[in-house]
$ cat input-v6.pdb   # PDB, C-alpha atoms and all ligand atoms
ATOM      1  CA  MET A 116     144.057 114.378  20.930
ATOM      2  CA  LYS A 117     143.276 116.283  24.112
ATOM      3  CA  LYS A 118     143.687 114.303  27.345
ATOM      4  CA  TYR A 119     141.444 114.992  30.339
ATOM      5  CA  LYS A 120     142.537 114.129  33.889
ATOM      6  CA  ALA A 121     140.164 112.120  36.107
ATOM      7  CA  TYR A 122     141.635 112.609  39.589
ATOM      8  CA  ALA A 123     141.368 110.237  42.546
ATOM      9  CA  LYS A 124     139.996 111.348  45.914
ATOM     10  CA  VAL A 125     140.502 110.363  49.520
ATOM     11  CA  ASN A 126     137.980 110.653  52.326
ATOM     12  CA  ILE A 127     139.611 112.666  55.127
ATOM     13  CA  PHE A 128     136.658 111.721  57.310
ATOM     14  CA  LEU A 129     133.504 109.751  56.526
ATOM     15  CA  LYS A 130     130.686 109.680  59.088
ATOM     16  CA  ILE A 131     127.269 108.109  58.589
ATOM     17  CA  THR A 132     124.408 110.424  59.567
ATOM     18  CA  GLY A 133     121.422 108.211  58.710
ATOM     19  CA  LYS A 134     119.730 105.866  56.241
ATOM     20  CA  ARG A 135     117.936 106.580  52.956
ATOM     21  CA  ASP A 136     116.287 103.417  51.538
ATOM     22  CA  ASN A 137     119.176 101.010  50.964
ATOM     23  CA  TYR A 138     121.714 103.866  50.911
ATOM     24  CA  HIS A 139     123.336 105.707  53.815
ATOM     25  CA  GLU A 140     123.473 109.428  54.337
ATOM     26  CA  ILE A 141     126.994 110.584  55.040
ATOM     27  CA  ILE A 142     129.006 113.637  55.902
ATOM     28  CA  SER A 143     132.475 113.297  54.412
ATOM     29  CA  ARG A 144     135.447 115.501  53.479
ATOM     30  CA  PHE A 145     136.616 114.604  50.014
ATOM     31  CA  MET A 146     140.028 115.809  48.900
ATOM     32  CA  ARG A 147     141.439 115.534  45.384
ATOM     33  CA  VAL A 148     144.701 113.556  45.036
ATOM     34  CA  ASP A 149     146.764 115.764  42.752
ATOM     35  CA  ASN A 150     149.314 113.131  41.707
ATOM     36  CA  LEU A 151     146.929 110.220  40.974
ATOM     37  CA  TYR A 152     144.624 110.374  37.960
ATOM     38  CA  ASP A 153     143.316 108.480  34.962
ATOM     39  CA  GLU A 154     143.634 110.159  31.555
ATOM     40  CA  LEU A 155     140.670 110.132  29.158
ATOM     41  CA  SER A 156     140.564 111.108  25.480
ATOM     42  CA  PHE A 157     138.339 110.686  22.450
ATOM     43  CA  VAL A 158     140.014 108.741  19.634
ATOM     44  CA  SER A 159     138.614 108.262  16.102
ATOM     45  CA  LYS A 160     137.424 104.747  15.364
ATOM     46  CA  SER A 161     138.464 102.879  12.245
ATOM     47  CA  GLU A 162     135.868 102.887   9.436
ATOM     48  CA  LEU A 163     135.028  99.250  10.224
ATOM     49  CA  ASP A 164     134.546  99.957  13.938
ATOM     50  CA  ALA A 165     132.383 102.964  13.113
ATOM     51  CA  LYS A 166     130.143 100.703  11.046
ATOM     52  CA  MET A 167     129.819  98.345  14.103
ATOM     53  CA  ASN A 168     128.272 101.334  15.896
ATOM     54  CA  GLU A 169     129.169  99.992  19.354
ATOM     55  CA  PHE A 170     130.164 102.034  22.407
ATOM     56  CA  LYS A 171     133.926 101.431  22.480
ATOM     57  CA  ILE A 172     136.156 101.890  25.522
ATOM     58  CA  ILE A 173     139.894 101.403  25.069
ATOM     59  CA  GLY A 174     141.515 100.634  28.418
ATOM     60  CA  ASP A 175     142.502  98.097  31.054
ATOM     61  CA  PHE A 176     139.283  97.102  32.863
ATOM     62  CA  ASP A 177     138.120  93.980  34.708
ATOM     63  CA  CYS A 178     134.482  94.572  33.790
ATOM     64  CA  GLU A 179     132.302  94.449  30.672
ATOM     65  CA  VAL A 180     131.649  97.704  28.764
ATOM     66  CA  SER A 181     128.025  97.577  29.936
ATOM     67  CA  GLN A 182     129.238  97.600  33.560
ATOM     68  CA  ASN A 183     131.696 100.429  33.019
ATOM     69  CA  THR A 184     130.783 103.655  34.786
ATOM     70  CA  ILE A 185     131.742 105.573  31.611
ATOM     71  CA  TYR A 186     129.164 103.642  29.584
ATOM     72  CA  LYS A 187     126.584 104.153  32.347
ATOM     73  CA  ALA A 188     127.337 107.886  32.196
ATOM     74  CA  TYR A 189     126.786 107.815  28.408
ATOM     75  CA  VAL A 190     123.386 106.112  28.849
ATOM     76  CA  ALA A 191     122.329 108.621  31.524
ATOM     77  CA  LEU A 192     123.491 111.578  29.405
ATOM     78  CA  LYS A 193     121.710 110.272  26.284
ATOM     79  CA  GLU A 194     118.523 109.761  28.342
ATOM     80  CA  TYR A 195     118.706 113.313  29.707
ATOM     81  CA  THR A 196     119.652 115.134  26.468
ATOM     82  CA  LYS A 197     118.229 112.871  23.719
ATOM     83  CA  SER A 198     121.243 114.244  21.838
ATOM     84  CA  ALA A 199     121.809 112.915  18.290
ATOM     85  CA  SER A 200     125.256 114.533  18.261
ATOM     86  CA  LEU A 201     126.192 112.441  21.334
ATOM     87  CA  GLU A 202     125.184 109.228  19.565
ATOM     88  CA  LYS A 203     127.111 110.326  16.480
ATOM     89  CA  LEU A 204     130.193 111.141  18.578
ATOM     90  CA  MET A 205     130.257 107.671  20.133
ATOM     91  CA  GLN A 206     129.624 106.059  16.774
ATOM     92  CA  THR A 207     132.689 107.688  15.235
ATOM     93  CA  HIS A 208     134.895 107.845  18.357
ATOM     94  CA  ALA A 209     136.033 105.532  21.130
ATOM     95  CA  ILE A 210     136.857 106.727  24.652
ATOM     96  CA  LYS A 211     140.434 105.888  25.564
ATOM     97  CA  VAL A 212     141.194 105.524  29.294
ATOM     98  CA  GLU A 213     144.751 105.367  30.602
ATOM     99  CA  LYS A 214     143.978 103.826  34.019
ATOM    100  CA  ASN A 215     146.252 104.744  36.910
ATOM    101  CA  ILE A 216     143.714 104.760  39.759
ATOM    102  CA  PRO A 217     143.441 101.216  41.152
ATOM    103  CA  ALA A 218     139.913  99.727  41.099
ATOM    104  CA  PHE A 219     138.100  98.684  44.291
ATOM    105  CA  ALA A 220     140.389 101.098  46.089
ATOM    106  CA  GLY A 221     138.098 103.627  47.774
ATOM    107  CA  LEU A 222     139.698 106.295  45.569
ATOM    108  CA  GLY A 223     136.643 106.965  43.404
ATOM    109  CA  GLY A 224     138.245 105.744  40.174
ATOM    110  CA  GLY A 225     135.081 104.683  38.407
ATOM    111  CA  SER A 226     133.147 107.725  39.585
ATOM    112  CA  SER A 227     135.891 110.114  38.534
ATOM    113  CA  ASP A 228     136.043 108.583  35.056
ATOM    114  CA  ALA A 229     132.262 108.904  34.703
ATOM    115  CA  ALA A 230     132.304 112.558  35.789
ATOM    116  CA  THR A 231     135.195 113.405  33.467
ATOM    117  CA  TYR A 232     133.447 111.704  30.541
ATOM    118  CA  LEU A 233     130.276 113.761  31.185
ATOM    119  CA  LYS A 234     132.295 116.999  31.260
ATOM    120  CA  MET A 235     134.167 116.021  28.087
ATOM    121  CA  CYS A 236     130.903 115.407  26.189
ATOM    122  CA  ASN A 237     129.411 118.655  27.514
ATOM    123  CA  GLY A 238     132.442 120.587  26.224
ATOM    124  CA  VAL A 239     133.132 118.802  22.933
ATOM    125  CA  LEU A 240     129.457 118.800  21.902
ATOM    126  CA  ASP A 241     128.698 122.200  23.435
ATOM    127  CA  LEU A 242     125.642 120.722  25.183
ATOM    128  CA  GLY A 243     125.395 123.760  27.462
ATOM    129  CA  LEU A 244     124.601 121.709  30.600
ATOM    130  CA  SER A 245     125.327 123.335  33.977
ATOM    131  CA  LEU A 246     127.491 121.623  36.589
ATOM    132  CA  ASN A 247     124.327 121.066  38.643
ATOM    133  CA  GLU A 248     122.686 119.289  35.698
ATOM    134  CA  LEU A 249     125.802 117.187  35.111
ATOM    135  CA  ALA A 250     125.920 116.305  38.838
ATOM    136  CA  THR A 251     122.245 115.247  38.727
ATOM    137  CA  ILE A 252     122.949 113.038  35.706
ATOM    138  CA  GLY A 253     126.136 111.714  37.328
ATOM    139  CA  LEU A 254     124.386 110.757  40.569
ATOM    140  CA  LYS A 255     122.501 108.118  38.574
ATOM    141  CA  VAL A 256     125.882 106.461  37.904
ATOM    142  CA  GLY A 257     127.359 106.627  41.403
ATOM    143  CA  ALA A 258     127.183 108.473  44.706
ATOM    144  CA  ASP A 259     130.708 109.839  44.326
ATOM    145  CA  VAL A 260     130.230 111.280  40.823
ATOM    146  CA  PRO A 261     128.875 114.743  41.837
ATOM    147  CA  PHE A 262     132.067 115.553  43.759
ATOM    148  CA  PHE A 263     134.113 114.961  40.618
ATOM    149  CA  ILE A 264     131.724 116.971  38.445
ATOM    150  CA  TYR A 265     132.235 120.136  40.527
ATOM    151  CA  GLY A 266     135.994 119.608  40.548
ATOM    152  CA  TYR A 267     136.760 121.195  43.936
ATOM    153  CA  ASP A 268     140.115 120.441  45.603
ATOM    154  CA  SER A 269     138.322 119.873  48.892
ATOM    155  CA  ALA A 270     134.624 119.613  49.747
ATOM    156  CA  ASN A 271     132.173 118.567  52.419
ATOM    157  CA  VAL A 272     129.981 115.933  50.778
ATOM    158  CA  GLY A 273     126.562 115.122  52.260
ATOM    159  CA  GLY A 274     123.306 113.366  51.463
ATOM    160  CA  ILE A 275     124.259 110.115  49.757
ATOM    161  CA  GLY A 276     126.838 112.112  47.777
ATOM    162  CA  GLU A 277     124.664 114.681  45.983
ATOM    163  CA  ILE A 278     125.359 117.589  48.355
ATOM    164  CA  VAL A 279     128.800 119.021  47.552
ATOM    165  CA  GLU A 280     129.973 122.131  49.444
ATOM    166  CA  PRO A 281     133.460 123.481  48.608
ATOM    167  CA  PHE A 282     135.815 123.731  51.605
ATOM    168  CA  GLU A 283     138.536 126.378  51.294
ATOM    169  CA  GLU A 284     141.888 124.948  52.453
ATOM    170  CA  GLU A 285     145.308 124.052  51.077
ATOM    171  CA  LEU A 286     145.411 120.963  48.858
ATOM    172  CA  LEU A 287     147.391 118.377  50.818
ATOM    173  CA  LYS A 288     149.827 115.902  49.279
ATOM    174  CA  PHE A 289     149.314 112.275  50.210
ATOM    175  CA  ASP A 290     151.190 109.020  50.413
ATOM    176  CA  VAL A 291     148.629 106.438  49.232
ATOM    177  CA  TYR A 292     148.974 102.670  49.160
ATOM    178  CA  THR A 293     146.390 100.146  48.027
ATOM    179  CA  PRO A 294     146.662  96.598  49.382
ATOM    180  CA  ASP A 295     145.559  93.940  46.905
ATOM    181  CA  VAL A 296     142.232  93.361  48.683
ATOM    182  CA  LYS A 297     139.225  93.777  46.399
ATOM    183  CA  ILE A 298     136.602  95.392  48.613
ATOM    184  CA  SER A 299     132.894  95.472  47.735
ATOM    185  CA  THR A 300     131.454  98.875  48.697
ATOM    186  CA  PRO A 301     127.904  97.525  49.176
ATOM    187  CA  LYS A 302     129.239  94.741  51.433
ATOM    188  CA  VAL A 303     131.039  97.219  53.702
ATOM    189  CA  TYR A 304     128.023  99.526  53.955
ATOM    190  CA  THR A 305     125.790  96.534  54.735
ATOM    191  CA  ALA A 306     128.184  95.345  57.465
ATOM    192  CA  TYR A 307     128.156  98.861  58.925
ATOM    193  CA  ARG A 308     124.363  98.950  58.906
ATOM    194  CA  GLU A 309     124.034  95.555  60.561
ATOM    195  CA  ASN A 310     126.826  95.656  63.142
ATOM    196  CA  PHE A 311     128.129  99.193  63.616
ATOM    197  CA  TYR A 312     125.169 101.501  63.010
ATOM    198  CA  GLU A 313     125.708 104.584  65.208
ATOM    199  CA  PRO A 314     124.916 107.781  63.270
ATOM    200  CA  VAL A 315     126.956 110.831  64.216
ATOM    201  CA  ASP A 316     124.948 113.641  65.849
ATOM    202  CA  GLY A 317     124.384 116.929  64.030
ATOM    203  CA  PHE A 318     126.567 118.976  66.388
ATOM    204  CA  ARG A 319     129.603 116.727  65.893
ATOM    205  CA  ALA A 320     128.987 116.613  62.132
ATOM    206  CA  GLN A 321     128.976 120.433  62.020
ATOM    207  CA  GLU A 322     132.210 120.529  64.062
ATOM    208  CA  LEU A 323     133.934 118.222  61.566
ATOM    209  CA  LYS A 324     132.641 120.214  58.581
ATOM    210  CA  GLU A 325     134.361 123.330  59.968
ATOM    211  CA  LEU A 326     137.713 121.711  60.815
ATOM    212  CA  ASN A 327     140.485 121.831  58.218
ATOM    213  CA  SER A 328     141.646 118.432  57.010
ATOM    214  CA  LYS A 329     145.078 118.545  58.668
ATOM    215  CA  ASP A 330     143.481 119.192  62.074
ATOM    216  CA  VAL A 331     140.938 116.398  61.509
ATOM    217  CA  LEU A 332     143.726 113.903  60.819
ATOM    218  CA  LYS A 333     145.712 115.135  63.837
ATOM    219  CA  SER A 334     142.777 114.685  66.192
ATOM    220  CA  LEU A 335     141.171 111.394  65.080
ATOM    221  CA  SER A 336     142.281 107.766  64.811
ATOM    222  CA  ALA A 337     141.674 105.891  61.529
ATOM    223  CA  THR A 338     138.614 104.207  63.056
ATOM    224  CA  GLU A 339     137.193 107.493  64.406
ATOM    225  CA  ALA A 340     137.740 109.264  61.074
ATOM    226  CA  ASN A 341     136.014 106.698  58.855
ATOM    227  CA  ASP A 342     132.912 104.794  60.003
ATOM    228  CA  LEU A 343     133.509 102.242  57.222
ATOM    229  CA  PHE A 344     136.929 101.164  58.530
ATOM    230  CA  ALA A 345     135.672  98.893  61.330
ATOM    231  CA  PRO A 346     133.101  97.106  59.098
ATOM    232  CA  ALA A 347     135.722  96.754  56.360
ATOM    233  CA  LEU A 348     138.102  95.105  58.871
ATOM    234  CA  GLN A 349     135.283  92.795  59.963
ATOM    235  CA  GLU A 350     134.476  91.747  56.379
ATOM    236  CA  TYR A 351     138.105  91.664  55.191
ATOM    237  CA  PRO A 352     140.284  90.690  58.219
ATOM    238  CA  GLN A 353     143.316  90.416  55.903
ATOM    239  CA  LEU A 354     143.269  94.226  55.802
ATOM    240  CA  LYS A 355     144.658  94.237  59.362
ATOM    241  CA  LYS A 356     148.150  93.184  58.298
ATOM    242  CA  HIS A 357     148.259  96.004  55.755
ATOM    243  CA  TYR A 358     147.500  98.743  58.264
ATOM    244  CA  ARG A 359     150.412 101.093  59.047
ATOM    245  CA  GLN A 360     150.555 103.466  62.028
ATOM    246  CA  GLY A 361     149.597 107.028  61.152
ATOM    247  CA  TYR A 362     147.632 106.085  58.017
ATOM    248  CA  PHE A 363     143.902 106.564  57.382
ATOM    249  CA  PHE A 364     141.378 104.496  55.441
ATOM    250  CA  SER A 365     139.774 105.992  52.317
ATOM    251  CA  GLY A 366     136.093 105.430  51.556
ATOM    252  CA  SER A 367     135.151 101.753  51.602
ATOM    253  CA  GLY A 368     138.816 100.887  50.934
ATOM    254  CA  SER A 369     141.152  99.171  50.446
ATOM    255  CA  SER A 370     143.448 102.223  50.166
ATOM    256  CA  PHE A 371     145.262 103.844  53.084
ATOM    257  CA  PHE A 372     146.689 107.341  53.006
ATOM    258  CA  LYS A 373     148.590 109.837  55.104
ATOM    259  CA  VAL A 374     149.629 113.449  54.590
ATOM    260  CA  GLN A 375     153.137 113.648  53.078
ATOM    261  CA  GLU A 376     155.698 115.089  55.508
ATOM    262  CA  VAL A 377     157.072 118.378  54.130
ATOM    263  CA  ASN A 378     160.898 118.238  54.543
ATOM    264  CA  SER A 379     162.320 121.415  56.076
ATOM    265  CA  GLY A 380     164.443 121.929  52.943
ATOM    266  CA  GLU A 381     161.422 121.810  50.627
ATOM    267  CA  GLU A 382     159.428 124.934  49.805
ATOM    268  CA  LYS A 383     156.275 125.222  51.929
TER     269      LYS A 383
HETATM  270  C1  LIG A 401     132.288 104.606  49.910
HETATM  271  C2  LIG A 401     132.382 105.845  49.092
HETATM  272  C3  LIG A 401     132.894 107.003  49.938
HETATM  273  O1  LIG A 401     133.250 108.091  49.147
HETATM  274  O2  LIG A 401     133.252 105.758  47.971
HETATM  275  P1  LIG A 401     134.267 104.618  47.494
HETATM  276  O3  LIG A 401     134.820 103.912  48.678
HETATM  277  O4  LIG A 401     133.430 103.707  46.627
HETATM  278  O5  LIG A 401     135.314 105.340  46.726
HETATM  279  C4  LIG A 401     131.000 106.223  48.505
HETATM  280  O6  LIG A 401     130.061 106.455  49.515
HETATM  281  C5  LIG A 401     130.497 105.130  47.566
HETATM  282  O7  LIG A 401     130.201 105.758  46.357
HETATM  283  P2  LIG A 401     130.054 104.862  45.050
HETATM  284  O8  LIG A 401     131.219 103.911  44.984
HETATM  285  O9  LIG A 401     129.805 105.797  43.918
HETATM  286  O10 LIG A 401     128.783 104.000  45.441
HETATM  287  P3  LIG A 401     127.636 103.557  44.463
HETATM  288  O11 LIG A 401     128.238 102.804  43.308
HETATM  289  O12 LIG A 401     126.725 104.693  44.231
HETATM  290  O13 LIG A 401     126.872 102.528  45.444
HETATM  291  C6  LIG A 401     127.374 101.232  45.646
HETATM  292  C7  LIG A 401     126.638 100.677  46.864
HETATM  293  O14 LIG A 401     127.234 101.255  48.046
HETATM  294  C8  LIG A 401     126.209 101.510  49.033
HETATM  295  N1  LIG A 401     126.178 102.954  49.323
HETATM  296  C9  LIG A 401     126.838 103.840  48.516
HETATM  297  C10 LIG A 401     126.837 105.187  48.871
HETATM  298  C11 LIG A 401     126.146 105.583  50.027
HETATM  299  N2  LIG A 401     126.110 106.882  50.408
HETATM  300  N3  LIG A 401     125.482 104.672  50.784
HETATM  301  C12 LIG A 401     125.503 103.361  50.457
HETATM  302  O15 LIG A 401     124.909 102.530  51.173
HETATM  303  C13 LIG A 401     124.890 101.023  48.428
HETATM  304  O16 LIG A 401     124.704  99.673  48.836
HETATM  305  C14 LIG A 401     125.165 101.067  46.933
HETATM  306  O17 LIG A 401     124.375 100.149  46.208
HETATM  307  N1  LIG A 402     135.788 103.418  34.713
HETATM  308  C1  LIG A 402     136.016 102.523  35.709
HETATM  309  N2  LIG A 402     137.167 102.579  36.425
HETATM  310  C2  LIG A 402     137.387 101.693  37.449
HETATM  311  N3  LIG A 402     136.529 100.710  37.816
HETATM  312  C3  LIG A 402     135.385 100.633  37.108
HETATM  313  C4  LIG A 402     135.065 101.519  36.043
HETATM  314  N4  LIG A 402     133.836 101.199  35.559
HETATM  315  C5  LIG A 402     133.406 100.162  36.292
HETATM  316  N5  LIG A 402     134.319  99.784  37.185
HETATM  317  C6  LIG A 402     134.147  98.678  38.150
HETATM  318  O1  LIG A 402     133.844  99.284  39.424
HETATM  319  C7  LIG A 402     134.503  98.557  40.454
HETATM  320  C8  LIG A 402     135.515  99.441  41.171
HETATM  321  O2  LIG A 402     135.076 100.758  41.141
HETATM  322  P1  LIG A 402     136.076 101.944  41.596
HETATM  323  O3  LIG A 402     135.288 103.189  41.515
HETATM  324  O4  LIG A 402     137.376 101.855  40.874
HETATM  325  O5  LIG A 402     136.392 101.531  43.090
HETATM  326  P2  LIG A 402     135.983 102.373  44.399
HETATM  327  O6  LIG A 402     134.485 102.512  44.311
HETATM  328  O7  LIG A 402     136.450 101.496  45.513
HETATM  329  O8  LIG A 402     136.703 103.684  44.333
HETATM  330  C9  LIG A 402     135.191  97.402  39.775
HETATM  331  O9  LIG A 402     134.243  96.330  39.742
HETATM  332  C10 LIG A 402     135.391  97.872  38.356
HETATM  333  O10 LIG A 402     135.414  96.781  37.473
END
$ encode --input "input-v6.pdb" --output "C-alpha cells"
Amino acid sequence: MKKYKAYAKVNIFLKITGKRDNYHEIISRFMRVDNLYDELSFVSKSELDAKMNEFKIIGDFDCEVSQNTIYKAYVALKEYTKSASLEKLMQTHAIKVEKNIPAFAGLGGGSSDAATYLKMCNGVLDLGLSLNELATIGLKVGADVPFFIYGYDSANVGGIGEIVEPFEEELLKFDVYTPDVKISTPKVYTAYRENFYEPVDGFRAQELKELNSKDVLKSLSATEANDLFAPALQEYPQLKKHYRQGYFFSGSGSSFFKVQEVNSGEEK
C-alpha cells in the first residue's frame, strides 16, 4: 500500500497584518520540515467493517473521528464533488495515519494530514481537481491547509492562510523540540488581539517577504519574528522555562526550532 508523506512546517516569521471577522490576517513564511512527517495510506477494511460503512481512521489521536481534520477534509470534499466513488472508497477502505508530528505543536500536523488526504483522494479517484480547488476545499478545514496542498518547500502565506506564494530559497534543516505544553491556537490569537494587537505596516511586511529565511532568523529575535510568541508566553507562562537561546517559536506553538549548524566536514 502506497504511503504518502504529510510534512510538518515551521513559521520562520509570522506577523499579523489585520483582522477579518474572528480571524487574523497574517503574513508568514512557511517552510517545510523535511525530516518530520506523518505517513498516510489507504488500507482495505475487513468485510464486517465495510458493512458498518463508517469513516475509519487508524492512528494515534486524542480526538474523536468527527473532530479529526482528515474526516473534516472528507466531508468538505464530498460536499464539493458529490462523488459516489469517494463514498465508496471510504466504505471499503480506512485511512491509516502513522503520526510523527506532535499535536498542538504549531507544526501544522492536522492541517498537513488534511491536505495530504485531499491530494490522495484526488489522485486515487482521478477526481481531476486543480490545486487551487483543493486549496479552496482545504481552507474550510483549517487556515494552514492551503500551504500543504501546494506543497512548496518555502512560501509567503497571507490572508488568513489562503494566499500562498512560493519563495525560491534553499530548504533549511531544523532542530525542532516540542515542550509538553498543549497550546490552544484560538486562545493565543485571542490573547494577541486583546493585549498585543499591533499590525505590521505594509512596507515592513514587503521587506520580510523579500528576505530569505536565514537572513530573517539572523536579524530578528524570537519575539520580533513571531507575533504569537508574546501572547503564548502570557497565556502559558510555563513555556518560559522551555525557551533556549537562539531558537524561534513556530506558529501558535509550543514548538521551538533553529536552523541546524552545518559542520565544516559535512557537504554544503
Ligand atoms: C497559528 C498557525 C500559524 O501557521 O498555525 P499553527 O500554530 O496552528 O500550526 C495558523 O495561523 C493557524 O492555522 P490553523 O491551526 O489551521 O487554524 P484554524 O484551525 O483554521 O483556526 C483555529 C482558530 O485560530 C484562530 N485563527 C487561525 C488562523 C488565523 N489566520 N487567524 C486566527 O485568528 C481562530 O480563532 C480560529 O478559530
Ligand atoms: N489529523 C490530525 N493530526 C493531529 N491533530 C489533529 C488531527 N485532527 C484533529 N486534530 C486535533 O487538532 C489539535 C492539534 O492540531 P495540530 O494541527 O496537530 O496542532 P497545531 O495546530 O498546533 O499544529 C488537537 O486537538 C488534535 O486532537
$ closest_residue --input "input-v6.pdb" --among "A:Lys356, A:Lys333, A:Arg319, A:Lys214" --to "Asp295 (chain A)" --atoms "only C-alpha atoms"
A:Lys356
$ closest_atom_pairs --input "input-v6.pdb" --of "chain A" --to "ligand LIG 402 (chain A)" --cutoff "9 Å" --atoms "only C-alpha atoms and all ligand atoms" --output "tab-separated table"
residue	atom	partner	partner_atom	distance
A:Ala123	CA	A:LIG402	O8	8.2
A:Lys124	CA	A:LIG402	O8	8.5
A:Asp153	CA	A:LIG402	N2	8.6
A:Gly174	CA	A:LIG402	N1	9.0
A:Asp175	CA	A:LIG402	N2	8.8
A:Phe176	CA	A:LIG402	O10	6.0
A:Asp177	CA	A:LIG402	O10	4.8
A:Cys178	CA	A:LIG402	O10	4.4
A:Glu179	CA	A:LIG402	O10	7.8
A:Val180	CA	A:LIG402	N4	7.9
A:Ser181	CA	A:LIG402	C5	8.7
A:Gln182	CA	A:LIG402	C5	5.6
A:Asn183	CA	A:LIG402	N4	3.4
A:Thr184	CA	A:LIG402	N4	4.0
A:Ile185	CA	A:LIG402	N1	5.5
A:Tyr186	CA	A:LIG402	N4	8.0
A:Lys187	CA	A:LIG402	N4	8.5
A:Val212	CA	A:LIG402	N1	7.9
A:Lys214	CA	A:LIG402	N2	7.3
A:Ile216	CA	A:LIG402	O4	7.1
A:Pro217	CA	A:LIG402	O4	6.1
A:Ala218	CA	A:LIG402	O4	3.3
A:Phe219	CA	A:LIG402	O7	3.5
A:Ala220	CA	A:LIG402	O7	4.0
A:Gly221	CA	A:LIG402	O7	3.5
A:Leu222	CA	A:LIG402	O8	4.2
A:Gly223	CA	A:LIG402	O8	3.4
A:Gly224	CA	A:LIG402	O4	4.0
A:Gly225	CA	A:LIG402	O3	3.5
A:Ser226	CA	A:LIG402	O3	5.4
A:Ser227	CA	A:LIG402	O3	7.6
A:Asp228	CA	A:LIG402	N1	5.2
A:Ala229	CA	A:LIG402	N1	6.5
A:Gly257	CA	A:LIG402	O3	8.6
A:Asp259	CA	A:LIG402	O6	8.2
A:Lys297	CA	A:LIG402	O7	8.3
A:Ile298	CA	A:LIG402	O7	6.8
A:Ser299	CA	A:LIG402	O7	7.3
A:Thr300	CA	A:LIG402	O6	6.5
A:Ser365	CA	A:LIG402	O7	8.8
A:Gly366	CA	A:LIG402	O7	7.2
A:Ser367	CA	A:LIG402	O7	6.2
A:Gly368	CA	A:LIG402	O7	5.9
A:Ser369	CA	A:LIG402	O7	7.2
A:Ser370	CA	A:LIG402	O7	8.4
$ resolve_selection --input "input-v6.pdb" --expression "the PyMOL selection byres (((chain A and resi 149) around 8) and not hetatm)" --output "ChimeraX atom specification"
/A:122-123,147-148,150-152,288
$ axis_aligned_box --input "input-v6.pdb" --around "ligand LIG 401 (chain A)" --padding-each-side "3 Å" --output "JSON"
{"center_x": 129.8, "center_y": 103.9, "center_z": 47.2, "size_x": 16.9, "size_y": 14.4, "size_z": 13.9}
$ closest_residue --input "input-v6.pdb" --among "A:Val125, A:Ala250, A:Cys236, A:Ile275" --to "ligand LIG 401 (chain A)" --atoms "all atoms listed in the file"
A:Ile275
$ residues_around --input "input-v6.pdb" --residues "Val272 (chain A)" --least-positions-apart "4" --cutoff "7 Å" --atoms "only C-alpha atoms" --output "ChimeraX atom specification"
/A:142-145,276,278-280
$ resolve_selection --input "input-v6.pdb" --expression "the PyMOL selection byres (((chain A and resi 237-243) around 10) and not hetatm)" --output "list in words"
Phe157, Leu192, Thr196, Ser198, Ser200, Leu201, Leu204, Thr231, Tyr232, Leu233, Lys234, Met235, Cys236, Leu244, Ser245, Leu246, Glu248 and Leu249 of chain A
$ atom_distance --input "input-v6.pdb" --atom1 "CA of Tyr189 (chain A)" --atom2 "CA of Lys255 (chain A)"
11.0 Å
$ atom_distance --input "input-v6.pdb" --atom1 "CA of Ser336 (chain A)" --atom2 "CA of Lys134 (chain A)"
24.2 Å
$ resolve_selection --input "input-v6.pdb" --expression "the PyMOL selection byres (((chain A and resi 170) around 8) and not hetatm)" --output "MDAnalysis selection string"
chainID A and resid 168:169 171:172 180 186 205:206 209
$ atom_distance --input "input-v6.pdb" --atom1 "atom O1 of ligand LIG 401 (chain A)" --atom2 "CA of Val303 (chain A)"
12.0 Å
$ closest_residue --input "input-v6.pdb" --among "A:Thr251, A:Thr305, A:Ser161, A:Ser269" --to "ligand LIG 401 (chain A)" --atoms "all atoms listed in the file"
A:Thr305
$ closest_residue --input "input-v6.pdb" --among "A:Leu163, A:Ala188, A:Asp342, A:Tyr138" --to "Tyr312 (chain A)" --atoms "all atoms listed in the file"
A:Asp342
$ residues_around --input "input-v6.pdb" --residues "Leu155 (chain A)" --least-positions-apart "3" --cutoff "6 Å" --atoms "all atoms listed in the file" --output "JSON list (two decimals) with C-alpha atoms, in the frame of the given file"
[["chain", "number", "residue", "atom", "x", "y", "z"],
["A", 118, "LYS", "CA", 143.69, 114.30, 27.34],
["A", 119, "TYR", "CA", 141.44, 114.99, 30.34],
["A", 211, "LYS", "CA", 140.43, 105.89, 25.56],
["A", 212, "VAL", "CA", 141.19, 105.52, 29.29]]
$ residues_around --input "input-v6.pdb" --residues "Thr207 (chain A)" --least-positions-apart "3" --cutoff "9 Å" --atoms "only C-alpha atoms" --output "PyMOL selection string"
chain A and resi 158-162+164-166+168+202-204
$ write_last_selection --input "input-v6.pdb" --atoms "C-alpha atoms" --output "compact mmCIF listing (two decimals), in the frame of the given file"
# COMPACT_ATOMS: atom_id res chain seq x y z
CA VAL A 158 140.01 108.74 19.63
CA SER A 159 138.61 108.26 16.10
CA LYS A 160 137.42 104.75 15.36
CA SER A 161 138.46 102.88 12.24
CA GLU A 162 135.87 102.89 9.44
CA ASP A 164 134.55 99.96 13.94
CA ALA A 165 132.38 102.96 13.11
CA LYS A 166 130.14 100.70 11.05
CA ASN A 168 128.27 101.33 15.90
CA GLU A 202 125.18 109.23 19.57
CA LYS A 203 127.11 110.33 16.48
CA LEU A 204 130.19 111.14 18.58
$ closest_residue --input "input-v6.pdb" --among "A:Leu354, A:Ala270, A:Gln349, A:Glu313" --to "Asn126 (chain A)" --atoms "only C-alpha atoms"
A:Ala270
$ closest_residue --input "input-v6.pdb" --among "A:Asn215, A:Ser156, A:Thr338, A:Asn271" --to "ligand LIG 401 (chain A)" --atoms "all atoms listed in the file"
A:Asn271
$ residues_around --input "input-v6.pdb" --residues "Phe311 (chain A)" --least-positions-apart "6" --cutoff "9 Å" --atoms "only C-alpha atoms" --output "list in words"
Asp342, Leu343, Ala345 and Pro346 of chain A
